[in-house]
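**Q** Below is one structure. I have some questions about it.
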Amino acid sequence: MGTRVKSLTWLWLLSILLIACQSGLVAVTETTPTASTTPSMTVSESLAEKPLPRSNHAMAYDSKRHVVVLFGGWSNKGELLDDTWEYDGTAWQKIATTTSPPARADLSLAYDPERGITMLFGGITSDSAYTSDVWFYDGQTWQQTEPSHHPPPRHSAPLVYDPVEQAMLLFGGYGSGGQLHDTWKFNGTTWQEMEFLSAGPPITLPQMVYDSRREVFVLRSVFNVTTFEYDRSTWSHAPLEPEKELRIPILGFRMVYDIDRGLTVLFGGEAPAGQDGVWEYDGEKWYQPPSVDARPSSRLYHAMVYDEARGVVVLFGGFAADETYLNDTWEYDGVTWTQK
């Protein structure tokens, strides 16, 4: 594993152990999954142009223009990236913008359909510097906005659009003082800390999606083996029976919400042997779809979004089990993974 990824991993593991000691979580041992592909996958012609191999980048789906937007990450040379790309389901295109956010990784990125912009927040801008800047991308250029009040600098904070409040919801992340558990709302102009939620779930490096069918936000972390949900009034444990909970630790996984099927889809990361791959959550239980055999090789710190127009999960890049950086593109329709 690359030097920067290793250093971040050990920092995260230290915080996880402290949390585990305080909360009584069962100790777990990190294992590396075996990279695998299957001969039944569908492979189309290679793209002539696509982003460089990378990990810890971010993607958002622009539902107005029907494109996936990608920004930043760590390169296979250990460099922070500041390039902007778009994917329309057929090809990747590098976007030459007149202005651009500084290079970074572990940033927060989400699309605001009400305002027709992709919003970027925070991230790692050097080996030891985190930021709290906000940028908007309209499909042509990036523009920085500077709210007078904003969350403290951080990285790895999930950012999700709330269609009811018509605002972005930000939770936690990792700051200079360690793991954060605060909840913030951004209405396009102003940040507001949700004071009654200042002490959110005590979890580490979470992923979050909005379940539009049940109108709740779904939250999971790297090692805390509990699913949390937020109903716009409080954070609480999802009311799942133990055998229906995803009770395994997964480092570096990614999560999206499949609007058409009404399911949260989790893929990738390092997990106990035989537990990697696809997991789905329907609000009542977590399960691995038995029909999904063809899939991308094992990886972590990739990026995933849901393409609403085409009804597929789009995955790009990540850090492979054999310690290489990837730049492959995959799509998942709920039954089959297809490499593009």
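Following the order of the structure tokens, first chain is A, next is B, and so on, with residues numbered from 1 inside each chain and ligands from 1 in the order they appear.
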Give me, as number ranges by chain, all polymer residues having an atom no more than 12 Å from Met168 (chain A), counting only C-alpha atoms and skipping those fewer than 4 positions away in the same chain.
**A** A: 108-115, 117-121, 134, 158-164, 183-193, 209-210, 217
**Q** Sorted by chain and rising residue number, list the residues of region 159-252 of chain A at most 12 Å from region 300-307 of chain A (counting only C-alpha atoms), each with its closest atom pair and distance in Å to one decimal, as JSON lines.
**A**
```
{"residue": "A:Val160", "atom": "CA", "partner": "A:Val305", "partner_atom": "CA", "distance": 11.5}
{"residue": "A:Leu205", "atom": "CA", "partner": "A:Tyr301", "partner_atom": "CA", "distance": 11.4}
{"residue": "A:Gln207", "atom": "CA", "partner": "A:Met304", "partner_atom": "CA", "distance": 11.2}
{"residue": "A:Met208", "atom": "CA", "partner": "A:Val305", "partner_atom": "CA", "distance": 11.9}
{"residue": "A:Val209", "atom": "CA", "partner": "A:Val305", "partner_atom": "CA", "distance": 10.3}
{"residue": "A:Tyr210", "atom": "CA", "partner": "A:Tyr306", "partner_atom": "CA", "distance": 11.7}
{"residue": "A:Val222", "atom": "CA", "partner": "A:Leu300", "partner_atom": "CA", "distance": 11.3}
{"residue": "A:Ile250", "atom": "CA", "partner": "A:Leu300", "partner_atom": "CA", "distance": 9.2}
{"residue": "A:Leu251", "atom": "CA", "partner": "A:Leu300", "partner_atom": "CA", "distance": 7.1}
{"residue": "A:Gly252", "atom": "CA", "partner": "A:Leu300", "partner_atom": "CA", "distance": 4.6}
```
**Q** For Val335 (chain A), please output as a VMD selection string all residues within 12 Å (counting only C-alpha atoms; exclusion window: fewer than 2 positions along the same chain).
**A** chain A and resid 41 261 265 278 280 288 to 295 311 to 313 331 to 333 337 to 338
**Q** May I have the residues within 7 Å of Leu70 (chain A) as a ChimeraX atom specification, using only C-alpha atoms and disregarding those fewer than 6 positions away in the same chain?
**A** /A:58-60,84-86
**Q** As a ChimeraX atom specification, please: the residues near Glu245 (chain A) (cut-off 10 Å, only C-alpha atoms, same-chain neighbours under 4 positions excluded).
**A** /A:225-227,238-241,281,284-287
**Q** So how many Å separate CA of His150 (chain A) and CA of Ser236 (chain A), to one decimal?
**A** 25.1 Å
**Q** Identify all residues of region 219-254 of chain A in strand (DSSP E) (DSSP on the backbone) and supply them as a list in words.
**A**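 Here is the list: Leu219, Arg220, Phe228, Glu229, Tyr230, Trp235, Ser236, His237 and Arg254 of chain A.
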**Q** Extract, using only C-alpha atoms, all DNA, RNA and protein residues at most 10 Å from Trp74 (chain A), discarding same-chain residues fewer than 3 positions from it, and format them as a PyMOL selection string.
**A** chain A and resi 2+4-5+52-57+77-82+103-106+124+301+318-319+325
**Q** Need to verify the contact set: Ala157 (chain A), 6 Å, only C-alpha atoms, exclusion of same-chain residues closer than 2 positions in sequence. Can you return it as a VMD selection string?
**A** chain A and resid 155 171 to 173
**Q** For the structure I just gave you, how does DSSP split region 99-302 of chain A - specifically, which residues are helix (DSSP H, G or I)? Reply as a list in words.
**A** Glu195, Phe196, Leu197, Pro242, Glu243 and Lys244 of chain A
**Q** In Å, rounded to a single decimal, give me how far CA of Gly262 (chain A) is from CA of Tyr137 (chain A).
**A** 28.2 Å
**Q** Kindly give the distance, in Å, that separates CA of Pro51 (chain A) and CA of Phe136 (chain A), rounded to a single decimal.
**A**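 For CA of Pro51 (chain A) relative to CA of Phe136 (chain A), the distance reads 20.8 Å.
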